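**Q** My structure file structure17.cif, mmCIF, C-alpha atoms, is below:
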```
data_final
loop_
_atom_site.label_atom_id
_atom_site.label_comp_id
_atom_site.auth_asym_id
_atom_site.auth_seq_id
_atom_site.Cartn_x
_atom_site.Cartn_y
_atom_site.Cartn_z
CA MET A 273 0.00 0.00 0.00
CA LYS A 274 1.35 3.40 -0.83
CA SER A 275 2.32 5.65 2.05
CA LYS A 276 -0.13 8.41 1.13
CA ILE A 277 -3.10 6.05 1.03
CA LEU A 278 -2.17 4.48 4.34
CA SER A 279 -1.64 7.88 5.91
CA MET A 280 -5.17 8.85 4.89
CA ALA A 281 -6.59 5.67 6.40
CA LEU A 282 -4.68 6.25 9.61
CA ALA A 283 -5.84 9.82 9.78
CA LEU A 284 -9.50 9.00 9.28
CA ALA A 285 -9.28 6.32 11.93
CA LEU A 286 -7.53 8.62 14.38
CA ILE A 287 -10.13 11.31 13.90
CA ALA A 288 -12.79 8.78 14.82
CA GLY A 289 -10.77 7.69 17.84
CA VAL A 290 -10.28 11.25 19.07
CA THR A 291 -14.01 11.91 18.73
CA THR A 292 -15.00 8.97 20.93
CA GLY A 293 -11.82 8.68 23.00
CA CYS A 294 -12.03 8.17 26.75
CA SER A 295 -15.64 9.30 26.89
CA ALA A 296 -16.90 6.14 25.24
CA LYS A 297 -19.19 4.10 27.46
CA THR A 298 -18.46 0.73 25.88
CA GLU A 299 -15.27 -1.23 25.39
CA SER A 300 -13.33 -0.68 22.20
CA SER A 301 -11.92 -3.15 19.74
CA ALA A 302 -12.66 -1.01 16.69
CA ALA A 303 -10.02 -0.17 14.11
CA PRO A 304 -8.47 3.34 14.16
CA ALA A 305 -5.70 5.95 14.68
CA SER A 306 -2.28 7.28 13.73
CA THR A 307 1.37 6.43 13.75
CA PRO A 308 4.68 7.96 14.88
CA ALA A 309 8.49 8.26 14.97
CA PRO A 310 11.78 7.05 13.61
CA ALA A 311 14.10 4.16 14.36
CA SER A 312 16.92 5.74 16.33
CA SER A 313 18.28 5.50 19.85
CA ALA A 314 16.92 8.75 21.25
CA ALA A 315 14.12 11.23 20.82
CA GLN A 316 14.78 13.47 17.83
CA GLU A 317 13.51 16.92 17.07
CA VAL A 318 11.44 17.77 14.02
CA SER A 319 11.88 21.50 13.80
CA THR A 320 11.08 22.17 10.15
CA PRO A 321 7.94 21.35 8.18
CA ALA A 322 7.96 18.06 6.31
CA ALA A 323 8.42 17.85 2.58
CA SER A 324 6.30 15.46 0.53
CA ASP A 325 6.86 12.08 2.16
CA ALA A 326 6.14 10.51 5.53
CA GLY A 327 9.81 9.83 6.14
CA SER A 328 10.57 13.52 6.44
CA THR A 329 8.37 13.71 9.54
CA GLY A 330 9.96 10.68 11.12
CA ILE A 331 6.60 8.87 11.01
CA VAL A 332 6.46 5.22 9.96
CA THR A 333 3.37 4.54 7.85
CA THR A 334 4.45 1.37 6.06
CA MET A 335 6.38 -1.68 7.24
CA ASN A 336 7.27 -5.04 5.74
CA LEU A 337 7.04 -8.49 7.27
CA ASN A 338 10.31 -10.02 8.40
CA ASP A 339 11.78 -13.13 6.80
CA TYR A 340 10.42 -15.49 9.43
CA LYS A 341 8.20 -18.25 8.01
CA PRO A 342 5.18 -19.01 10.28
CA LYS A 343 4.73 -22.67 11.17
CA LYS A 344 0.92 -22.59 11.16
CA SER A 345 -1.76 -21.27 8.84
CA THR A 346 -3.97 -19.80 11.58
CA TYR A 347 -3.20 -17.96 14.83
CA ASN A 348 -5.43 -16.62 17.60
CA PHE A 349 -4.15 -13.89 19.92
CA TYR A 350 -5.54 -11.90 22.84
CA PHE A 351 -4.33 -8.41 23.74
CA THR A 352 -5.54 -6.16 26.53
CA TYR A 353 -4.35 -2.65 27.29
CA LYS A 354 -4.86 0.16 29.76
CA LEU A 355 -7.97 2.00 28.55
CA VAL A 356 -10.09 2.87 25.53
CA HIS A 357 -8.13 5.68 23.94
CA PRO A 358 -6.94 6.85 20.49
CA TRP A 359 -3.33 6.07 21.43
CA TRP A 360 -4.03 2.34 21.47
CA ASP A 361 -6.20 2.69 18.38
CA ALA A 362 -3.03 3.84 16.63
CA VAL A 363 -1.23 0.69 17.78
CA LYS A 364 -4.05 -1.40 16.36
CA VAL A 365 -3.65 0.22 12.95
CA GLY A 366 -0.18 -1.32 12.79
CA MET A 367 -1.55 -4.65 13.96
CA ASN A 368 -4.20 -4.60 11.26
CA ASP A 369 -1.65 -3.86 8.57
CA ALA A 370 0.50 -6.80 9.66
CA VAL A 371 -2.56 -9.05 9.63
CA LYS A 372 -3.42 -7.88 6.11
CA GLN A 373 0.08 -8.58 4.83
CA LEU A 374 0.07 -12.01 6.45
CA LYS A 375 -3.30 -12.83 4.91
CA ALA A 376 -1.83 -12.13 1.48
CA LYS A 377 0.73 -14.84 2.27
CA GLY A 378 -1.96 -17.34 3.27
CA ILE A 379 -1.61 -16.83 7.04
CA THR A 380 -4.74 -16.01 9.04
CA VAL A 381 -4.33 -14.05 12.26
CA ASN A 382 -7.33 -13.45 14.49
CA PHE A 383 -6.92 -11.24 17.54
CA GLU A 384 -9.06 -9.73 20.27
CA TYR A 385 -8.09 -6.25 21.44
CA THR A 386 -9.97 -4.99 24.47
CA ALA A 387 -9.75 -2.55 27.36
CA PRO A 388 -11.93 -0.79 29.94
CA THR A 389 -12.96 2.84 29.62
CA SER A 390 -10.67 3.92 32.47
CA PRO A 391 -7.46 2.41 33.91
CA ASP A 392 -8.28 -0.47 36.25
CA ALA A 393 -5.67 -3.03 37.26
CA ILE A 394 -8.25 -5.44 38.72
CA ASP A 395 -10.17 -5.30 35.46
CA GLN A 396 -6.99 -6.18 33.57
CA VAL A 397 -6.32 -9.09 35.90
CA ASN A 398 -9.84 -10.40 35.29
CA ARG A 399 -9.43 -10.11 31.53
CA LEU A 400 -6.13 -11.97 31.59
CA GLU A 401 -7.44 -14.76 33.79
CA THR A 402 -10.50 -15.18 31.56
CA ALA A 403 -8.36 -15.23 28.42
CA ALA A 404 -6.12 -17.88 29.97
CA GLY A 405 -8.99 -20.35 29.82
CA ARG A 406 -9.73 -19.75 26.14
CA ASN A 407 -6.74 -21.42 24.50
CA PHE A 408 -5.24 -18.43 22.72
CA ASP A 409 -1.89 -19.01 21.04
CA VAL A 410 -0.47 -15.91 22.76
CA ILE A 411 -1.75 -13.49 25.38
CA GLY A 412 -0.38 -9.96 25.58
CA ALA A 413 -0.90 -6.96 27.82
CA ASP A 414 0.04 -3.32 28.07
CA ILE A 415 0.44 -3.41 31.84
CA THR A 416 -1.90 -1.11 33.76
CA GLU A 417 -0.18 -1.30 37.14
CA LEU A 418 2.81 -3.43 38.07
CA LYS A 419 2.06 -4.41 41.66
CA THR A 420 -1.36 -5.86 40.89
CA VAL A 421 -0.84 -7.32 37.42
CA VAL A 422 2.66 -8.83 37.54
CA PRO A 423 1.75 -11.72 39.90
CA VAL A 424 -0.93 -12.77 37.44
CA VAL A 425 1.47 -12.48 34.51
CA ASN A 426 3.90 -14.73 36.35
CA LYS A 427 1.17 -17.26 37.10
CA LEU A 428 0.12 -17.43 33.46
CA VAL A 429 3.69 -17.91 32.24
CA GLU A 430 4.29 -20.62 34.85
CA SER A 431 1.20 -22.42 33.55
CA GLY A 432 2.75 -22.56 30.09
CA ILE A 433 0.96 -19.69 28.36
CA PRO A 434 3.09 -17.70 25.90
CA PHE A 435 2.79 -14.20 27.35
CA MET A 436 4.16 -10.92 26.04
CA THR A 437 3.88 -7.25 26.89
CA PHE A 438 3.45 -4.63 24.19
CA SER A 439 3.12 -0.94 23.22
CA SER A 440 3.61 1.49 26.11
CA SER A 441 4.14 -0.40 29.39
CA ASP A 442 6.46 -3.34 29.96
CA ALA A 443 6.91 -5.45 33.11
CA PRO A 444 10.64 -6.23 32.86
CA ASP A 445 10.82 -7.79 36.32
CA SER A 446 8.01 -10.23 35.53
CA LYS A 447 8.28 -13.58 33.78
CA ARG A 448 6.86 -12.21 30.53
CA ILE A 449 8.70 -13.70 27.57
CA CYS A 450 9.25 -10.52 25.58
CA TYR A 451 8.18 -6.91 25.11
CA VAL A 452 7.49 -5.00 21.90
CA GLY A 453 7.26 -1.27 22.33
CA ASN A 454 8.96 1.93 23.35
CA THR A 455 11.77 1.20 25.79
CA LYS A 456 12.80 4.84 25.94
CA ASN A 457 10.10 6.24 28.21
CA VAL A 458 12.59 7.63 30.74
CA GLU A 459 14.48 9.23 27.85
CA ASP A 460 11.21 10.60 26.43
CA GLY A 461 10.41 12.21 29.76
CA ALA A 462 13.90 13.65 29.91
CA ALA A 463 13.68 14.98 26.34
CA ILE A 464 10.48 16.96 26.91
CA ALA A 465 11.73 18.06 30.34
CA GLU A 466 14.90 19.44 28.72
CA ALA A 467 12.75 21.35 26.23
CA LEU A 468 10.74 22.80 29.12
CA ALA A 469 13.86 23.70 31.09
CA LYS A 470 15.37 25.51 28.13
CA SER A 471 12.16 27.45 27.47
CA ILE A 472 12.13 28.90 31.02
CA ASN A 473 15.87 29.69 30.99
CA TYR A 474 16.58 26.91 33.48
CA LYS A 475 14.92 28.59 36.46
CA GLY A 476 11.49 28.93 38.02
CA ASP A 477 8.56 26.88 39.32
CA ILE A 478 7.05 24.05 37.30
CA ALA A 479 4.30 21.51 37.97
CA ALA A 480 3.65 18.02 36.62
CA LEU A 481 0.51 16.20 35.53
CA GLY A 482 1.49 12.58 36.13
CA GLY A 483 -1.12 10.43 34.39
CA THR A 484 -1.94 7.20 36.24
CA ILE A 485 -0.26 6.17 39.48
CA GLY A 486 1.65 2.92 38.98
CA ALA A 487 1.47 2.92 35.18
CA PRO A 488 5.05 2.04 34.16
CA VAL A 489 5.19 4.41 31.19
CA HIS A 490 3.97 7.36 33.25
CA GLU A 491 6.26 6.60 36.15
CA ASP A 492 9.22 6.30 33.77
CA ARG A 493 8.55 9.70 32.20
CA LEU A 494 8.43 11.23 35.66
CA LYS A 495 11.81 9.62 36.33
CA GLY A 496 13.09 11.34 33.21
CA LEU A 497 11.78 14.65 34.52
CA LYS A 498 13.54 14.15 37.84
CA GLN A 499 16.81 13.30 36.10
CA VAL A 500 16.68 16.60 34.26
CA LEU A 501 15.71 18.60 37.34
CA ALA A 502 18.71 17.18 39.18
CA LYS A 503 20.88 19.10 36.72
CA TYR A 504 19.12 22.43 37.17
CA PRO A 505 18.84 23.46 40.84
CA ASP A 506 17.12 26.73 39.95
CA ILE A 507 14.06 24.85 38.64
CA LYS A 508 11.64 23.81 41.37
CA LEU A 509 8.98 21.12 40.91
CA VAL A 510 6.28 22.57 43.15
CA ASP A 511 3.55 19.97 42.59
CA THR A 512 2.75 16.65 40.92
CA GLN A 513 -0.86 15.56 40.51
CA PHE A 514 -2.24 12.42 38.84
CA ASP A 515 -5.10 12.84 36.37
CA ASN A 516 -5.72 9.14 35.63
CA ASP A 517 -5.79 9.87 31.88
CA ASP A 518 -8.98 11.87 32.35
CA LEU A 519 -9.26 15.14 30.43
CA GLU A 520 -11.74 16.84 32.74
CA LYS A 521 -9.64 15.96 35.78
CA SER A 522 -6.44 17.20 34.13
CA VAL A 523 -8.11 20.54 33.36
CA GLN A 524 -9.25 20.87 36.97
CA LEU A 525 -5.85 19.93 38.39
CA ALA A 526 -4.05 22.37 36.10
CA GLU A 527 -6.47 25.17 36.98
CA ASN A 528 -5.92 24.53 40.68
CA MET A 529 -2.15 24.60 40.30
CA ILE A 530 -2.25 27.84 38.31
CA GLN A 531 -4.20 29.44 41.15
CA LYS A 532 -2.05 27.93 43.89
CA TYR A 533 1.31 28.81 42.32
CA PRO A 534 1.10 32.32 40.84
CA ASN A 535 4.72 32.19 39.66
CA LEU A 536 4.30 28.96 37.75
CA LYS A 537 6.49 28.86 34.63
CA GLY A 538 5.64 25.51 33.10
CA PHE A 539 3.72 22.23 33.02
CA PHE A 540 5.29 18.83 32.42
CA CYS A 541 2.62 16.50 31.01
CA ASN A 542 3.27 12.79 30.49
CA ASN A 543 0.40 11.23 28.56
CA MET A 544 -1.82 11.86 25.53
CA THR A 545 -4.60 13.53 27.51
CA ASN A 546 -3.09 15.89 30.06
CA PRO A 547 -1.31 18.28 27.63
CA ILE A 548 -4.78 19.17 26.33
CA GLY A 549 -6.00 19.72 29.88
CA ALA A 550 -3.06 21.96 30.73
CA ALA A 551 -3.53 23.94 27.51
CA GLN A 552 -7.22 24.50 28.20
CA ALA A 553 -6.42 25.62 31.74
CA VAL A 554 -3.70 28.13 30.80
CA GLU A 555 -5.83 29.65 28.06
CA ALA A 556 -8.83 29.95 30.39
CA ALA A 557 -6.63 31.68 32.98
CA GLY A 558 -5.03 33.99 30.43
CA LYS A 559 -1.65 32.48 31.34
CA THR A 560 -0.41 31.37 27.94
CA ASP A 561 3.09 32.44 28.95
CA ILE A 562 3.19 29.22 31.00
CA LYS A 563 5.14 26.69 28.93
CA ILE A 564 3.67 23.22 28.36
CA VAL A 565 5.36 20.04 27.15
CA GLY A 566 3.68 16.68 26.71
CA MET A 567 3.29 13.49 24.73
CA ASP A 568 1.59 11.97 21.71
CA HIS A 569 -0.45 12.70 18.66
CA ASP A 570 -3.97 13.84 19.61
CA LEU A 571 -5.20 16.33 17.00
CA ARG A 572 -6.11 18.85 19.70
CA THR A 573 -2.61 18.62 21.12
CA LEU A 574 -1.01 19.20 17.73
CA GLN A 575 -3.31 22.16 17.14
CA TYR A 576 -2.25 23.65 20.49
CA VAL A 577 1.40 23.14 19.46
CA LYS A 578 0.74 24.90 16.15
CA LYS A 579 -0.97 27.73 18.02
CA GLY A 580 1.90 28.03 20.47
CA THR A 581 -0.04 27.18 23.63
CA ILE A 582 1.92 23.93 23.92
CA LEU A 583 5.68 24.22 23.38
CA CYS A 584 6.28 20.70 22.09
CA VAL A 585 5.14 17.10 22.25
CA GLY A 586 6.83 13.75 21.80
CA VAL A 587 5.06 11.65 19.15
CA GLN A 588 5.62 7.90 19.43
CA ASN A 589 5.84 5.24 16.73
CA CYS A 590 2.54 3.51 17.51
CA PHE A 591 2.15 1.98 14.04
CA ALA A 592 5.49 0.18 14.24
CA MET A 593 4.72 -1.06 17.76
CA GLY A 594 1.50 -2.70 16.59
CA PHE A 595 2.99 -4.15 13.43
CA ASP A 596 5.89 -5.78 15.27
CA THR A 597 3.64 -7.01 18.07
CA ILE A 598 1.84 -9.28 15.59
CA GLN A 599 5.10 -10.51 14.06
CA THR A 600 6.55 -11.28 17.47
CA ALA A 601 3.37 -12.99 18.70
CA ILE A 602 3.59 -15.40 15.76
CA LYS A 603 7.12 -16.33 16.77
CA LEU A 604 6.05 -16.86 20.37
CA ALA A 605 3.18 -19.07 19.26
CA ASP A 606 5.62 -21.14 17.21
CA GLY A 607 7.83 -21.72 20.23
CA VAL A 608 10.57 -19.22 19.42
CA ARG A 609 12.17 -17.76 22.52
CA PRO A 610 14.78 -15.04 23.20
CA GLY A 611 18.35 -16.23 23.14
CA ASP A 612 17.84 -19.37 21.09
CA GLY A 613 19.39 -17.93 17.94
CA SER A 614 16.09 -17.61 16.10
CA ASN A 615 16.04 -13.81 16.02
CA LEU A 616 13.22 -13.14 18.45
CA ILE A 617 13.87 -9.70 19.87
CA GLN A 618 13.30 -9.76 23.62
CA VAL A 619 13.05 -6.02 23.98
CA LEU A 620 12.37 -4.09 20.81
CA ASP A 621 14.05 -0.76 21.45
CA ASN A 622 13.77 1.01 18.09
CA LYS A 623 10.35 2.47 18.72
CA THR A 624 11.48 5.98 19.50
CA THR A 625 9.87 9.36 19.73
CA THR A 626 9.86 12.50 17.59
CA LEU A 627 9.69 15.92 19.25
CA VAL A 628 7.27 18.19 17.38
CA TYR A 629 7.42 21.98 17.78
CA LYS A 630 5.29 24.83 16.43
CA ASP A 631 6.99 25.04 13.06
CA SER A 632 6.53 21.33 12.35
CA ALA A 633 3.06 20.85 13.87
CA GLN A 634 1.18 21.48 10.62
CA ALA A 635 3.32 18.92 8.81
CA MET A 636 2.34 16.34 11.41
CA ILE A 637 -1.31 17.36 11.20
CA ASP A 638 -1.22 17.08 7.41
CA LEU A 639 0.13 13.58 7.66
CA LEU A 640 -2.14 12.25 10.39
CA TYR A 641 -5.25 14.38 9.83
CA PRO A 642 -5.43 15.46 6.18
CA GLY A 643 -7.50 18.61 5.68
CA LYS A 644 -7.31 19.79 9.28
#
```
Can you dump the structure from the file as structure tokens?
**A**
Amino acid sequence: MKSKILSMALALALIAGVTTGCSAKTESSAAPASTPAPASSAAQEVSTPAASDAGSTGIVTTMNLNDYKPKKSTYNFYFTYKLVHPWWDAVKVGMNDAVKQLKAKGITVNFEYTAPTSPDAIDQVNRLETAAGRNFDVIGADITELKTVVPVVNKLVESGIPFMTFSSSDAPDSKRICYVGNTKNVEDGAAIAEALAKSINYKGDIAALGGTIGAPVHEDRLKGLKQVLAKYPDIKLVDTQFDNDDLEKSVQLAENMIQKYPNLKGFFCNNMTNPIGAAQAVEAAGKTDIKIVGMDHDLRTLQYVKKGTILCVGVQNCFAMGFDTIQTAIKLADGVRPGDGSNLIQVLDNKTTTLVYKDSAQAMIDLLYPGK
């Protein structure tokens, strides 16, 4: 499929995902969203508008199957993730493309892809335990919260179930067999924190919206923030509040912090929702001089970046994460394991993040949301 056609499909799906997003009242397994970033070892800046191809934005919109030859003609997988949200819709777009390419080679892949409407570790445990009794070839999870979910992961692996983690949140201290996703979440947090620090001349009060307590990806980005702050003693983190990936709550928390800290210089935001909440709050307060950094590819976020309300965001390579999750699950189902010389990647670390600023925001919007 040509890149332009795929980009249009991704964009249309992402628009639908943003419209329903976290406010949906039913579980989601519908197709959907966008894609992001290049294969390099650290977050890279995109500071000039893209030319005519997806590669110039650092966004992966096409991938090819690897040379591995599946041992079966049909596979059945189960994947559960943190919550119904356009970010995971974008991952599924990559999964769907891998499935389509495999079908053309005579390989049928069926997969279930489900989540609750808000983060709930007990819900994820229940989903995993139910799936364990349904004879899937592979079970995978984007871990909601380590303390609650990891014991169940370990139990499933001990029972002989091929189990993997994928997309945003790994459980490296569990018995999971492998992880496919972004392994640079600490670095991502550090990259956007550095951008924030530079924008306020390395001094002043900042606050953080921390996403979901216990979510590995959110905790890692906060670690990245703290690493950066350790270098700049004149920057003070005055408050950290957790919005649980809820837009309304992130708006409220940001508004409260603006009122409580009149000298606030910036917001560090660590998920796809809370940069929007911070932007709405600073505009409502007439405090658009407060700098905001955040993550991911929501259209509203990119529009705030283009407008200048948000300084920059890190856009992840969701498409590639989903595509490689399917390829890796096939290997797991066939009995391939890390370290046996069969080229299964235990931790796929090339799913990195692109920093998008004001002058490149429209290029990203054109790619992911044509006509917007």
**Q** Which residue out of A:Gly461, A:Gly412, A:Gly483, A:Pro642 has the minimum interatomic distance to Gln513 (chain A) when all atoms listed in the file are used?
**A**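 Under the stated criterion, the closest residue is A:Gly483.
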**Q** Would you pick out the contacts of Asp596 (chain A) at 9 Å or less, using all atoms listed in the file, so that residues sharing its chain but fewer than 3 positions from it are not included, and give the list as a ChimeraX atom specification?
**A** /A:337,366-367,370,452-453,591-593,599-601,620
**Q** Record the distance separating CA of Lys372 (chain A) and CA of Val410 (chain A), expressed in Å with one decimal.
**A**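 Rounded to one decimal, the two atoms are 18.7 Å apart.
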**Q** What lies within 12 Å of Thr560 (chain A) using only C-alpha atoms, ignoring chain neighbours under 4 positions off, as a ChimeraX atom specification?
**A** /A:530,536-539,550-556,564,576-577,579-583
**Q** Counting all atoms listed in the file, what is within 10 Å of region 338-345 of chain A, bar same-chain residues fewer than 3 positions away, as a PyMOL selection string?
**A** chain A and resi 335+374-375+377-381+596+599-600+602-603+605-607+614-616
**Q** Could you give me, as a list in words, the residues within 6 Å of Thr437 (chain A), counting all atoms listed in the file and dropping anything in the same chain fewer than 6 positions from it?
**A**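 The contact residues come out as Gly412, Ala413, Asp414 and Tyr451 of chain A.
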**Q** Any chance you could work out the residue set of the PyMOL selection byres ((chain A and resi 398) around 12) here, as a count of residues only?
**A** 20
**Q** If you apply the PyMOL selection byres ((chain A and resi 565) around 9) to this file, what residues do you get, as a ChimeraX atom specification?
**A** /A:464-465,467-468,538-542,547,563-564,566-567,582-586
**Q** Which residues fall under the PyMOL selection byres ((chain A and resi 435) around 6) in this file, as a JSON list (two decimals) with C-alpha atoms, keeping the file's coordinate frame?
**A**
```json
[["chain", "number", "residue", "atom", "x", "y", "z"],
["A", 410, "VAL", "CA", -0.47, -15.91, 22.76],
["A", 411, "ILE", "CA", -1.75, -13.49, 25.38],
["A", 412, "GLY", "CA", -0.38, -9.96, 25.58],
["A", 433, "ILE", "CA", 0.96, -19.69, 28.36],
["A", 434, "PRO", "CA", 3.09, -17.70, 25.90],
["A", 436, "MET", "CA", 4.16, -10.92, 26.04],
["A", 448, "ARG", "CA", 6.86, -12.21, 30.53],
["A", 449, "ILE", "CA", 8.70, -13.70, 27.57]]
```
**Q** My list of candidates is A:Ala462, A:Val608, A:Ile548, A:Ala487. Which is closest to Leu574 (chain A) when distances are computed with all atoms listed in the file?
**A**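 Result for the nearest residue to Leu574 (chain A): A:Ile548.
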**Q** Within 8 Å of Ala443 (chain A), counting only C-alpha atoms, which residues show up once you throw out same-chain ones fewer than 3 positions away? Write them as a VMD selection string, please.
**A** chain A and resid 415 418 422 437 446 448 488
**Q** If I take CA of Ile478 (chain A) and CA of Leu509 (chain A), how far is one from the other in Å, to one decimal?
**A**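 Between CA of Ile478 (chain A) and CA of Leu509 (chain A) the gap works out to 5.0 Å.
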**Q** Looking at A:Asn546, A:Ser632, A:Thr455, A:Ser439, which one is nearest to Cys590 (chain A), with distances taken over all atoms listed in the file?
**A**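 For Cys590 (chain A), the nearest of the given residues is A:Ser439.
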**Q** When distances are computed from only C-alpha atoms, which of A:Ala526, A:Leu494, A:Ala502, A:Ala463 shows the smallest separation from Val628 (chain A)?
**A**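 Among the listed residues, the smallest separation from Val628 (chain A) belongs to A:Ala463.
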**Q** Residues of region 431-531 of chain A that have any atom at most 12 Å from an atom of region 356-359 of chain A: could you tabulate them with the shortest-distance atom pair and the distance in Å to one decimal, using all atoms listed in the file, ordered by chain and increasing number, as JSON lines?
**A**
```
{"residue": "A:Ser439", "atom": "CA", "partner": "A:Trp359", "partner_atom": "CA", "distance": 9.7}
{"residue": "A:Ser440", "atom": "CA", "partner": "A:Trp359", "partner_atom": "CA", "distance": 9.5}
{"residue": "A:Asp517", "atom": "CA", "partner": "A:His357", "partner_atom": "CA", "distance": 9.3}
{"residue": "A:Asp518", "atom": "CA", "partner": "A:His357", "partner_atom": "CA", "distance": 10.5}
{"residue": "A:Leu519", "atom": "CA", "partner": "A:His357", "partner_atom": "CA", "distance": 11.5}
```
**Q** Rounded to one decimal place, report the CA of Ile598 (chain A)-CA of Ser441 (chain A) distance in Å.
**A**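 The value is 16.6 Å.
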**Q** Within 8 Å of (-6.5, -1.2, 23.0) (coordinates as in the file), grab all the protein and nucleic acid residues, counting only C-alpha atoms, and write them out as a PyMOL selection string.
**A** chain A and resi 300-301+351-357+360-361+363-364+385-387
**Q** With distances taken over only C-alpha atoms, which residue among A:Gln373, A:Leu640, A:Glu459, A:Tyr533 lies nearest Leu497 (chain A)?
**A**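 Using only C-alpha atoms, Leu497 (chain A) sits closest to A:Glu459.
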